[in-house]
$ cat structure_17.cif   # mmCIF, C-alpha atoms
data_start
#
loop_
_atom_site.label_atom_id
_atom_site.label_comp_id
_atom_site.auth_asym_id
_atom_site.auth_seq_id
_atom_site.Cartn_x
_atom_site.Cartn_y
_atom_site.Cartn_z
CA MET T 1 42.08 10.42 84.26
CA ALA T 2 41.71 14.08 85.25
CA GLU T 3 43.12 13.26 88.69
CA VAL T 4 46.15 11.58 87.10
CA VAL T 5 47.30 14.74 85.38
CA GLN T 6 46.35 17.24 88.05
CA VAL T 7 49.09 19.80 88.74
CA ARG T 8 50.47 19.76 92.27
CA THR T 9 52.14 22.80 93.75
CA GLY T 10 55.88 22.28 94.27
CA ALA T 11 55.98 19.11 92.19
CA TYR T 12 57.43 20.48 88.97
CA ASP T 13 59.67 18.23 86.89
CA CYS T 14 61.01 21.23 84.97
CA ASP T 15 60.65 24.96 84.56
CA VAL T 16 59.89 24.93 80.82
CA LEU T 17 58.23 21.99 79.12
CA VAL T 18 58.66 21.94 75.33
CA ILE T 19 56.43 19.76 73.17
CA GLY T 20 58.12 18.90 69.89
CA GLY T 21 61.66 17.75 69.10
CA GLY T 22 62.04 19.30 65.69
CA ILE T 23 64.59 22.00 65.00
CA VAL T 24 62.38 24.81 66.39
CA GLY T 25 61.63 23.02 69.66
CA LEU T 26 65.26 22.05 70.16
CA SER T 27 66.46 25.55 69.25
CA THR T 28 64.07 26.92 71.87
CA ALA T 29 65.53 24.60 74.52
CA TYR T 30 69.03 25.64 73.46
CA ALA T 31 68.15 29.35 73.62
CA ILE T 32 66.57 29.08 77.07
CA THR T 33 69.50 27.28 78.67
CA ARG T 34 71.93 29.74 77.03
CA ALA T 35 70.00 32.81 78.16
CA ALA T 36 69.20 31.54 81.66
CA PRO T 37 71.65 28.85 82.83
CA GLY T 38 70.14 26.64 85.46
CA THR T 39 66.65 26.76 83.94
CA ARG T 40 65.35 23.20 83.81
CA VAL T 41 64.01 22.35 80.34
CA THR T 42 62.36 19.10 79.26
CA VAL T 43 61.53 18.34 75.61
CA LEU T 44 58.86 15.76 74.77
CA GLU T 45 59.10 14.22 71.28
CA LYS T 46 56.74 11.47 70.17
CA GLU T 47 59.21 9.92 67.71
CA PRO T 48 62.22 7.78 68.74
CA GLY T 49 64.64 10.52 67.65
CA PRO T 50 64.75 14.20 66.72
CA ALA T 51 63.75 15.95 63.48
CA ARG T 52 61.70 13.12 61.96
CA HIS T 53 59.15 15.30 60.16
CA GLN T 54 59.43 18.82 58.67
CA THR T 55 63.04 19.30 59.78
CA GLY T 56 64.26 16.02 58.33
CA ARG T 57 62.10 15.95 55.21
CA ASN T 58 62.95 19.17 53.40
CA SER T 59 65.48 20.13 50.74
CA GLY T 60 68.13 21.16 53.28
CA VAL T 61 68.39 24.73 51.97
CA ILE T 62 69.66 27.62 54.08
CA HIS T 63 67.37 30.31 52.67
CA SER T 64 68.68 33.84 52.18
CA GLY T 65 65.41 35.68 52.89
CA VAL T 66 65.03 37.12 49.40
CA TYR T 67 61.37 36.09 49.04
CA TYR T 68 59.90 37.50 52.21
CA ARG T 69 58.04 40.75 52.81
CA PRO T 70 60.41 43.38 54.28
CA GLY T 71 59.79 43.79 58.00
CA SER T 72 58.08 40.40 58.36
CA LEU T 73 59.31 37.86 60.88
CA LYS T 74 60.26 35.57 58.00
CA ALA T 75 62.44 38.26 56.40
CA ARG T 76 64.13 39.33 59.64
CA TYR T 77 64.70 35.85 60.99
CA ALA T 78 65.76 34.27 57.68
CA VAL T 79 68.40 36.90 56.93
CA ARG T 80 69.76 36.76 60.47
CA GLY T 81 69.25 33.01 60.76
CA ALA T 82 71.09 32.15 57.54
CA ALA T 83 74.29 33.78 58.78
CA GLU T 84 73.89 32.23 62.23
CA MET T 85 73.20 28.78 60.77
CA VAL T 86 76.40 28.83 58.72
CA LYS T 87 78.36 29.91 61.80
CA PHE T 88 76.70 27.22 63.96
CA CYS T 89 77.48 24.50 61.42
CA ALA T 90 81.09 25.64 61.17
CA GLU T 91 81.49 25.76 64.94
CA TYR T 92 80.12 22.27 65.52
CA GLY T 93 81.51 20.59 62.40
CA ILE T 94 78.12 20.02 60.74
CA ALA T 95 78.14 19.50 56.96
CA HIS T 96 77.19 22.69 55.10
CA ALA T 97 78.09 24.82 52.09
CA VAL T 98 77.28 28.35 50.94
CA THR T 99 76.54 27.72 47.29
CA GLY T 100 74.41 30.66 46.16
CA LYS T 101 71.36 30.06 43.99
CA LEU T 102 69.71 31.14 40.76
CA ILE T 103 66.08 32.23 40.48
CA VAL T 104 65.23 31.88 36.80
CA ALA T 105 62.43 33.42 34.72
CA THR T 106 61.45 31.20 31.79
CA GLU T 107 58.36 33.14 30.63
CA ARG T 108 57.97 36.85 29.85
CA GLU T 109 55.12 37.25 32.33
CA GLU T 110 57.54 36.21 35.09
CA LEU T 111 59.96 39.08 34.43
CA PRO T 112 58.08 41.71 36.51
CA ARG T 113 57.96 39.27 39.43
CA LEU T 114 61.69 38.60 39.06
CA HIS T 115 62.44 42.33 39.15
CA ALA T 116 60.22 42.66 42.23
CA LEU T 117 62.36 40.00 43.93
CA VAL T 118 65.46 42.05 43.16
CA GLN T 119 63.93 45.01 44.95
CA ARG T 120 62.68 42.89 47.84
CA GLY T 121 66.07 41.28 48.28
CA ARG T 122 67.80 44.63 48.40
CA GLU T 123 65.27 45.95 50.93
CA ASN T 124 66.09 42.93 53.07
CA GLY T 125 69.82 43.67 52.81
CA ILE T 126 70.62 40.69 50.57
CA PRO T 127 73.18 40.96 47.75
CA VAL T 128 71.44 40.14 44.47
CA ARG T 129 73.00 40.05 41.01
CA GLU T 130 70.82 40.34 37.89
CA LEU T 131 71.72 38.03 34.99
CA GLY T 132 70.89 37.79 31.31
CA PRO T 133 70.53 34.50 29.38
CA ALA T 134 74.26 34.21 28.59
CA GLN T 135 75.22 34.84 32.22
CA ILE T 136 72.91 32.08 33.44
CA SER T 137 75.11 29.53 31.69
CA GLU T 138 78.15 30.81 33.58
CA TYR T 139 76.58 29.42 36.74
CA GLU T 140 74.48 26.57 35.31
CA PRO T 141 75.42 25.47 31.75
CA GLU T 142 72.38 23.18 31.42
CA VAL T 143 69.79 25.70 32.65
CA GLN T 144 67.96 28.01 30.26
CA GLY T 145 65.92 31.14 30.93
CA LEU T 146 65.11 34.66 29.80
CA ALA T 147 66.68 36.25 32.88
CA ALA T 148 67.74 35.31 36.39
CA ILE T 149 69.04 36.63 39.65
CA HIS T 150 71.90 35.17 41.66
CA VAL T 151 71.59 35.19 45.45
CA ALA T 152 75.01 34.56 46.93
CA THR T 153 74.05 33.91 50.57
CA THR T 154 71.91 30.80 49.98
CA GLY T 155 73.40 27.48 51.04
CA VAL T 156 72.68 23.92 52.13
CA CYS T 157 73.28 22.01 55.34
CA ASP T 158 72.40 18.92 57.35
CA PHE T 159 69.45 20.18 59.40
CA VAL T 160 69.05 16.82 61.15
CA GLY T 161 72.65 17.13 62.28
CA VAL T 162 71.90 20.65 63.51
CA ALA T 163 68.90 19.36 65.49
CA ARG T 164 70.98 16.62 67.11
CA GLU T 165 73.65 19.13 68.12
CA LEU T 166 71.05 21.53 69.53
CA ALA T 167 69.66 18.70 71.63
CA ARG T 168 73.11 17.82 72.94
CA ALA T 169 74.34 21.36 73.52
CA SER T 170 71.13 22.55 75.20
CA GLY T 171 71.63 20.32 78.22
CA ALA T 172 67.86 19.82 78.28
CA GLU T 173 66.26 16.54 79.19
CA ILE T 174 65.01 15.06 75.90
CA ARG T 175 62.35 12.37 76.19
CA TYR T 176 61.74 10.47 72.96
CA GLY T 177 58.73 8.25 72.38
CA ALA T 178 56.66 10.67 74.50
CA ARG T 179 53.43 11.40 72.62
CA VAL T 180 51.24 13.93 74.42
CA VAL T 181 47.63 12.86 74.86
CA ARG T 182 46.36 15.23 77.56
CA VAL T 183 47.26 18.59 79.06
CA ASP T 184 46.02 19.94 82.39
CA ARG T 185 46.68 23.63 83.01
CA ARG T 186 45.82 25.37 86.25
CA PRO T 187 46.38 29.15 86.47
CA GLY T 188 49.31 29.84 88.76
CA LEU T 189 49.97 26.13 89.29
CA GLY T 190 51.68 25.22 86.04
CA VAL T 191 50.98 22.60 83.40
CA ALA T 192 50.88 18.82 83.57
CA VAL T 193 51.16 16.64 80.48
CA LEU T 194 50.14 13.01 80.18
CA THR T 195 51.93 10.91 77.54
CA ALA T 196 50.60 7.87 75.72
CA ALA T 197 52.94 5.72 77.84
CA GLY T 198 51.19 6.93 81.00
CA ASP T 199 53.95 9.24 82.21
CA VAL T 200 53.05 12.60 83.74
CA VAL T 201 55.45 15.52 83.27
CA ARG T 202 54.87 18.78 85.13
CA GLY T 203 56.27 22.16 84.18
CA ARG T 204 55.74 25.77 85.11
CA VAL T 205 55.50 26.99 81.50
CA LEU T 206 54.56 25.07 78.35
CA VAL T 207 56.04 25.73 74.89
CA ASN T 208 54.14 24.18 71.99
CA CYS T 209 56.45 23.45 69.04
CA ALA T 210 54.45 20.46 67.82
CA GLY T 211 54.63 21.35 64.12
CA LEU T 212 52.07 19.29 62.21
CA HIS T 213 50.07 18.89 65.44
CA CYS T 214 50.55 22.35 66.97
CA ASP T 215 46.89 23.41 66.69
CA GLU T 216 45.78 20.16 68.35
CA VAL T 217 48.20 20.70 71.23
CA ALA T 218 46.95 24.29 71.62
CA ARG T 219 43.40 23.00 71.93
CA LEU T 220 44.54 20.42 74.51
CA THR T 221 45.70 23.31 76.70
CA GLY T 222 42.30 24.98 76.33
CA ASP T 223 43.52 27.76 74.01
CA ASP T 224 41.74 28.39 70.70
CA PRO T 225 44.49 28.74 68.07
CA GLU T 226 42.04 30.37 65.60
CA VAL T 227 43.85 28.54 62.79
CA ARG T 228 44.01 24.93 61.63
CA ILE T 229 46.96 23.07 60.22
CA VAL T 230 46.14 21.90 56.72
CA PRO T 231 48.87 19.47 55.62
CA PHE T 232 50.36 19.73 52.13
CA ARG T 233 52.61 16.96 50.90
CA GLY T 234 55.70 17.96 48.94
CA GLU T 235 56.82 15.24 46.57
CA TYR T 236 60.42 14.97 45.39
CA TYR T 237 62.44 13.18 42.75
CA GLU T 238 66.18 12.62 42.75
CA LEU T 239 68.16 13.39 39.61
CA ALA T 240 69.88 10.27 38.25
CA ARG T 241 72.43 12.51 36.47
CA PRO T 242 73.39 15.00 39.20
CA GLU T 243 76.13 16.40 36.97
CA LEU T 244 73.42 18.35 35.11
CA VAL T 245 73.10 20.76 38.05
CA ARG T 246 75.92 22.54 39.84
CA GLY T 247 74.01 24.18 42.68
CA LEU T 248 70.52 25.50 43.45
CA VAL T 249 68.05 26.56 40.74
CA TYR T 250 64.58 27.94 41.46
CA PRO T 251 61.69 29.19 39.32
CA VAL T 252 60.10 32.57 39.96
CA PRO T 253 57.46 31.86 42.65
CA ASP T 254 53.80 32.82 42.45
CA PRO T 255 53.31 35.44 45.18
CA ALA T 256 49.77 34.16 45.83
CA PHE T 257 51.15 31.00 47.43
CA PRO T 258 53.72 30.24 50.16
CA PHE T 259 55.25 27.51 47.98
CA LEU T 260 58.39 28.09 45.89
CA GLY T 261 57.61 25.75 43.00
CA VAL T 262 59.56 22.80 41.60
CA HIS T 263 63.26 23.56 42.02
CA LEU T 264 66.66 21.85 41.77
CA THR T 265 68.78 21.43 44.87
CA ARG T 266 72.27 19.96 45.04
CA GLY T 267 72.55 18.76 48.62
CA ILE T 268 75.54 18.30 50.87
CA ASP T 269 75.77 14.66 49.77
CA GLY T 270 76.23 15.68 46.13
CA GLY T 271 72.84 14.39 45.04
CA VAL T 272 70.29 16.65 43.36
CA HIS T 273 66.68 16.73 44.52
CA ILE T 274 63.88 18.00 42.29
CA GLY T 275 60.68 19.36 43.80
CA PRO T 276 58.57 19.70 45.70
CA ASN T 277 55.12 20.07 44.30
CA ALA T 278 52.34 20.70 46.84
CA VAL T 279 49.27 18.48 47.12
CA PRO T 280 46.78 18.00 49.97
CA ALA T 281 47.87 15.23 52.31
CA LEU T 282 45.27 12.79 53.62
CA ALA T 283 46.90 12.74 57.05
CA ARG T 284 49.09 15.11 59.02
CA GLU T 285 51.97 12.76 58.40
CA GLY T 286 50.64 11.62 55.04
CA TYR T 287 53.88 11.03 53.13
CA GLY T 288 52.09 9.10 50.38
CA TRP T 289 48.61 8.73 48.88
CA GLY T 290 48.26 5.44 50.75
CA VAL T 291 48.52 7.10 54.17
CA VAL T 292 44.99 8.05 55.22
CA ARG T 293 43.91 8.87 58.77
CA PRO T 294 40.13 9.38 58.75
CA ARG T 295 39.96 11.44 61.94
CA GLU T 296 42.63 13.87 60.76
CA LEU T 297 41.15 14.06 57.26
CA ALA T 298 37.70 14.74 58.72
CA GLY T 299 39.18 17.54 60.82
CA THR T 300 40.72 19.12 57.72
CA LEU T 301 37.48 18.85 55.76
CA ALA T 302 35.45 20.27 58.65
CA TRP T 303 37.53 23.48 58.71
CA PRO T 304 35.83 26.14 56.53
CA GLY T 305 39.20 27.46 55.42
CA SER T 306 39.96 24.19 53.60
CA TRP T 307 36.94 24.62 51.34
CA ALA T 308 37.73 28.30 50.82
CA ILE T 309 41.22 27.33 49.59
CA ALA T 310 39.72 24.76 47.21
CA ARG T 311 37.26 27.27 45.74
CA ARG T 312 39.82 30.04 45.41
CA HIS T 313 42.78 28.05 44.09
CA TRP T 314 41.32 25.01 42.36
CA ARG T 315 43.17 25.64 39.08
CA TYR T 316 46.53 25.79 40.85
CA GLY T 317 45.64 22.73 42.91
CA ALA T 318 44.60 20.77 39.84
CA GLY T 319 48.00 21.40 38.29
CA GLU T 320 49.78 20.20 41.42
CA LEU T 321 47.63 17.06 41.57
CA HIS T 322 48.34 16.36 37.91
CA ARG T 323 52.09 16.53 38.56
CA SER T 324 51.64 14.23 41.55
CA VAL T 325 50.06 11.41 39.54
CA SER T 326 51.82 12.02 36.21
CA ARG T 327 55.59 11.71 35.86
CA ALA T 328 55.27 13.29 32.40
CA ALA T 329 53.61 16.39 33.86
CA PHE T 330 56.30 16.66 36.55
CA LEU T 331 58.98 16.24 33.89
CA LYS T 332 57.42 19.07 31.86
CA ALA T 333 57.68 21.39 34.88
CA VAL T 334 61.33 20.45 35.39
CA ARG T 335 62.17 20.97 31.72
CA ARG T 336 61.18 24.62 31.98
CA LEU T 337 64.43 25.07 33.89
CA LEU T 338 66.46 22.09 32.76
CA PRO T 339 65.57 21.21 29.14
CA GLY T 340 68.06 18.34 28.91
CA VAL T 341 66.47 16.23 31.63
CA ALA T 342 64.92 12.90 30.53
CA ALA T 343 62.15 10.83 32.08
CA THR T 344 64.70 8.21 33.09
CA ASP T 345 66.56 10.88 35.09
CA LEU T 346 63.73 11.14 37.63
CA VAL T 347 63.95 8.74 40.57
CA ARG T 348 61.31 8.91 43.31
CA ALA T 349 62.60 10.28 46.63
CA PRO T 350 61.00 10.57 50.10
CA ALA T 351 58.26 13.17 50.43
CA GLY T 352 57.73 15.79 53.11
CA VAL T 353 54.62 17.40 54.59
CA ARG T 354 54.29 21.13 55.20
CA ALA T 355 52.33 22.20 58.29
CA GLN T 356 50.44 25.12 56.76
CA ALA T 357 48.27 27.21 59.09
CA VAL T 358 45.02 28.31 57.47
CA LEU T 359 42.55 30.89 58.78
CA ARG T 360 38.80 30.27 58.82
CA ASP T 361 38.35 32.36 55.66
CA GLY T 362 40.89 30.29 53.73
CA THR T 363 43.83 32.68 54.08
CA LEU T 364 47.14 30.82 54.06
CA VAL T 365 49.12 32.25 56.97
CA ASP T 366 52.26 33.58 55.32
CA ASP T 367 54.41 34.67 58.27
CA PHE T 368 55.59 32.84 61.36
CA LEU T 369 52.80 32.85 63.93
CA ILE T 370 53.52 32.73 67.67
CA ARG T 371 50.72 33.23 70.20
CA GLU T 372 50.59 33.18 73.96
CA GLY T 373 48.09 31.76 76.39
CA ALA T 374 48.17 31.44 80.15
CA GLN T 375 51.53 29.85 80.98
CA ALA T 376 51.86 28.69 77.36
CA VAL T 377 53.59 29.80 74.17
CA HIS T 378 52.20 28.32 70.95
CA VAL T 379 54.16 28.23 67.68
CA LEU T 380 51.29 27.92 65.20
CA ASN T 381 52.97 28.52 61.84
CA ALA T 382 56.63 27.74 61.27
CA PRO T 383 57.10 26.19 57.83
CA SER T 384 60.02 27.01 55.55
CA PRO T 385 62.26 28.94 56.20
CA ALA T 386 61.87 27.89 59.85
CA ALA T 387 64.87 25.54 59.73
CA THR T 388 67.04 28.36 58.37
CA ALA T 389 65.67 30.79 60.94
CA SER T 390 65.53 28.35 63.84
CA LEU T 391 68.22 30.01 65.98
CA PRO T 392 66.59 33.48 66.12
CA ILE T 393 63.10 31.92 66.30
CA GLY T 394 64.25 29.83 69.25
CA ARG T 395 65.53 32.95 71.00
CA GLU T 396 62.21 34.73 70.49
CA ILE T 397 60.18 31.79 71.79
CA GLY T 398 62.63 31.30 74.65
CA ARG T 399 62.40 35.00 75.60
CA ARG T 400 58.63 34.73 75.83
CA ALA T 401 58.82 31.58 77.92
CA LEU T 402 61.36 33.10 80.30
CA ASP T 403 59.26 36.26 80.63
CA MET T 404 56.30 34.08 81.62
CA LEU T 405 58.49 32.16 84.05
CA GLY T 406 59.63 35.39 85.66
CA SER T 407 56.08 36.61 86.13
CA LEU T 408 54.90 33.52 88.02
#
$ encode --input "structure_17.cif" --output "structure tokens"
Amino acid sequence: MAEVVQVRTGAYDCDVLVIGGGIVGLSTAYAITRAAPGTRVTVLEKEPGPARHQTGRNSGVIHSGVYYRPGSLKARYAVRGAAEMVKFCAEYGIAHAVTGKLIVATEREELPRLHALVQRGRENGIPVRELGPAQISEYEPEVQGLAAIHVATTGVCDFVGVARELARASGAEIRYGARVVRVDRRPGLGVAVLTAAGDVVRGRVLVNCAGLHCDEVARLTGDDPEVRIVPFRGEYYELARPELVRGLVYPVPDPAFPFLGVHLTRGIDGGVHIGPNAVPALAREGYGWGVVRPRELAGTLAWPGSWAIARRHWRYGAGELHRSVSRAAFLKAVRRLLPGVAATDLVRAPAGVRAQAVLRDGTLVDDFLIREGAQAVHVLNAPSPAATASLPIGREIGRRALDMLGSL
């Protein structure tokens, strides 16, 4: 098999070979062909179409950047990316709306964290309006809270539609149904990839945007990513009475976790999604408790960081698990924001899985994480708000790939 994937000088199929056809991989292809016309880009995606995982299984929110540490990649790219995403959608006729959102404190102990978000938002250059209880009802008559902030730049869009347009407009060769099983990298001679179908694709530079499998792809190249992807499933309900919610309503997040808590999202189709909670998934694409992949689960359990998370955050995790198996517990969480919701209003909706990078000591990687190896760029942590920030992220990844290409 090693001979099958051996790189041959002068036999490149493309200049840049991108693994992963989610919104980040496709944005990277788009950025490269825009920055350097004539650069040959091939994207390998194991699914039969684009954006089948994180991109297509989220709440569709264009995040403003209010949550993220000033100066972080998340803050810079989300603020810039939100404006660019709205412009991109408008230019290409993709469904979107700038709705604004409320972040609502329902307990007194949340008030200091809410005020900290006001300061953080202003440091990130985001317009934030502080609201009292009476003003909350001006935006959301059915929502109750002690205080809230209104973030005007938040919106919603069709991220799958964005991904399809990026694929089309990039001019890249997109190969669907191309699952990568082996990578052969020879210094100075490029990279060859073998797919499950037996095809060999050769490129001068590799870009790893494999999302839920990005650490595995990094190891296939021979690079140690020094993190592991620990999958967390986010479970959603749909609101049977969408008229109860006008726009987007979020709780005050716990700063110890990269999750935003159970929130209410009116999408571009007019429906309202509730969620997600965050529970360990038993497979990288474990969209339900019945999806178990023993090899992937064993890999998660073998990573010391997984056990460190469990020891450190077991109380939080127990609450999330309780909401996963108990509709009544989930309903209780929703009623903190929306007291008038009834059990019959909750209709199960498709779940998503977050590709969360975790360090050996159990630290949840909070920022985007991009690392380079020989002739390879690895995107090792790009969960929410990666869809929002995909255009500037793609430019950054593309710049690194083109710099590598120029140095060969």
$ residues_around --input "structure_17.cif" --residues "Ile62 (chain T)" --least-positions-apart "3" --cutoff "6 Å" --atoms "all atoms listed in the file" --output "PyMOL selection string"
chain T and resi 82+154-156+388
$ atom_distance --input "structure_17.cif" --atom1 "CA of Ala192 (chain T)" --atom2 "CA of Gly22 (chain T)"
21.1 Å
$ closest_residue --input "structure_17.cif" --among "T:Glu165, T:Asp269, T:Glu296, T:Glu110" --to "Ile23 (chain T)" --atoms "only C-alpha atoms"
T:Glu165
$ resolve_selection --input "structure_17.cif" --expression "the PyMOL selection byres ((chain T and resi 252-267) around 7)" --output "list in words"
Ser59, Gly60, Ile103, Val104, Ala105, Glu110, Leu114, Val156, Arg246, Gly247, Leu248, Val249, Tyr250, Pro251, Ile268, Asp269, Gly270, Gly271, Val272, His273, Ile274, Gly275, Pro276, Asn277, Val334 and Asp366 of chain T
$ atom_distance --input "structure_17.cif" --atom1 "CA of Leu402 (chain T)" --atom2 "CA of Ala83 (chain T)"
25.1 Å
$ atom_distance --input "structure_17.cif" --atom1 "CA of Gly56 (chain T)" --atom2 "CA of Gly352 (chain T)"
8.4 Å
$ resolve_selection --input "structure_17.cif" --expression "the PyMOL selection byres ((chain T and resi 223-238) around 8)" --output "MDAnalysis selection string"
chainID T and resid 212:215 218:222 239:240 271:288 300 303 306 324 345:360 371 373 380
$ closest_residue --input "structure_17.cif" --among "T:Ala328, T:Val181, T:Leu73, T:Cys209" --to "Gly398 (chain T)" --atoms "only C-alpha atoms"
T:Cys209
$ decode --input "structure_17.cif" --residues "region 25-45 of chain T" --atoms "N, CA and C atoms" --output "PDB file, in the first residue's frame"
ATOM      1  N   GLY T  25     -13.403  24.552   5.268  1.00  0.00           N
ATOM      2  CA  GLY T  25     -12.621  24.036   4.148  1.00  0.00           C
ATOM      3  C   GLY T  25     -12.971  24.710   2.839  1.00  0.00           C
ATOM      4  N   LEU T  26     -14.264  24.934   2.608  1.00  0.00           N
ATOM      5  CA  LEU T  26     -14.698  25.567   1.367  1.00  0.00           C
ATOM      6  C   LEU T  26     -14.345  27.047   1.347  1.00  0.00           C
ATOM      7  N   SER T  27     -14.388  27.706   2.513  1.00  0.00           N
ATOM      8  CA  SER T  27     -13.968  29.100   2.582  1.00  0.00           C
ATOM      9  C   SER T  27     -12.473  29.227   2.302  1.00  0.00           C
ATOM     10  N   THR T  28     -11.707  28.249   2.746  1.00  0.00           N
ATOM     11  CA  THR T  28     -10.267  28.246   2.465  1.00  0.00           C
ATOM     12  C   THR T  28     -10.012  28.127   0.966  1.00  0.00           C
ATOM     13  N   ALA T  29     -10.717  27.207   0.313  1.00  0.00           N
ATOM     14  CA  ALA T  29     -10.576  27.066  -1.141  1.00  0.00           C
ATOM     15  C   ALA T  29     -10.949  28.361  -1.850  1.00  0.00           C
ATOM     16  N   TYR T  30     -12.026  28.975  -1.410  1.00  0.00           N
ATOM     17  CA  TYR T  30     -12.499  30.244  -1.986  1.00  0.00           C
ATOM     18  C   TYR T  30     -11.450  31.337  -1.794  1.00  0.00           C
ATOM     19  N   ALA T  31     -10.874  31.419  -0.592  1.00  0.00           N
ATOM     20  CA  ALA T  31      -9.883  32.457  -0.310  1.00  0.00           C
ATOM     21  C   ALA T  31      -8.623  32.276  -1.144  1.00  0.00           C
ATOM     22  N   ILE T  32      -8.188  31.035  -1.318  1.00  0.00           N
ATOM     23  CA  ILE T  32      -6.967  30.770  -2.082  1.00  0.00           C
ATOM     24  C   ILE T  32      -7.139  31.168  -3.543  1.00  0.00           C
ATOM     25  N   THR T  33      -8.240  30.769  -4.140  1.00  0.00           N
ATOM     26  CA  THR T  33      -8.429  31.077  -5.563  1.00  0.00           C
ATOM     27  C   THR T  33      -8.694  32.567  -5.792  1.00  0.00           C
ATOM     28  N   ARG T  34      -9.220  33.266  -4.763  1.00  0.00           N
ATOM     29  CA  ARG T  34      -9.394  34.710  -4.869  1.00  0.00           C
ATOM     30  C   ARG T  34      -8.051  35.428  -4.739  1.00  0.00           C
ATOM     31  N   ALA T  35      -7.232  34.969  -3.802  1.00  0.00           N
ATOM     32  CA  ALA T  35      -5.953  35.637  -3.547  1.00  0.00           C
ATOM     33  C   ALA T  35      -4.915  35.321  -4.609  1.00  0.00           C
ATOM     34  N   ALA T  36      -4.970  34.113  -5.165  1.00  0.00           N
ATOM     35  CA  ALA T  36      -3.960  33.683  -6.137  1.00  0.00           C
ATOM     36  C   ALA T  36      -4.648  32.956  -7.290  1.00  0.00           C
ATOM     37  N   PRO T  37      -5.280  33.711  -8.202  1.00  0.00           N
ATOM     38  CA  PRO T  37      -5.951  33.069  -9.339  1.00  0.00           C
ATOM     39  C   PRO T  37      -4.997  32.159 -10.099  1.00  0.00           C
ATOM     40  N   GLY T  38      -5.505  31.041 -10.509  1.00  0.00           N
ATOM     41  CA  GLY T  38      -4.680  30.068 -11.211  1.00  0.00           C
ATOM     42  C   GLY T  38      -4.146  28.976 -10.311  1.00  0.00           C
ATOM     43  N   THR T  39      -4.218  29.174  -8.984  1.00  0.00           N
ATOM     44  CA  THR T  39      -3.811  28.131  -8.056  1.00  0.00           C
ATOM     45  C   THR T  39      -4.819  26.986  -8.134  1.00  0.00           C
ATOM     46  N   ARG T  40      -4.317  25.793  -8.332  1.00  0.00           N
ATOM     47  CA  ARG T  40      -5.200  24.628  -8.447  1.00  0.00           C
ATOM     48  C   ARG T  40      -5.516  24.092  -7.051  1.00  0.00           C
ATOM     49  N   VAL T  41      -6.808  24.057  -6.721  1.00  0.00           N
ATOM     50  CA  VAL T  41      -7.247  23.599  -5.405  1.00  0.00           C
ATOM     51  C   VAL T  41      -8.214  22.430  -5.581  1.00  0.00           C
ATOM     52  N   THR T  42      -7.987  21.376  -4.825  1.00  0.00           N
ATOM     53  CA  THR T  42      -8.907  20.239  -4.785  1.00  0.00           C
ATOM     54  C   THR T  42      -9.379  20.056  -3.351  1.00  0.00           C
ATOM     55  N   VAL T  43     -10.682  19.873  -3.176  1.00  0.00           N
ATOM     56  CA  VAL T  43     -11.275  19.627  -1.861  1.00  0.00           C
ATOM     57  C   VAL T  43     -11.795  18.193  -1.833  1.00  0.00           C
ATOM     58  N   LEU T  44     -11.392  17.441  -0.815  1.00  0.00           N
ATOM     59  CA  LEU T  44     -11.887  16.077  -0.611  1.00  0.00           C
ATOM     60  C   LEU T  44     -12.883  16.083   0.545  1.00  0.00           C
ATOM     61  N   GLU T  45     -14.088  15.620   0.292  1.00  0.00           N
ATOM     62  CA  GLU T  45     -15.137  15.546   1.314  1.00  0.00           C
ATOM     63  C   GLU T  45     -15.724  14.140   1.323  1.00  0.00           C
TER      64      GLU T  45
END
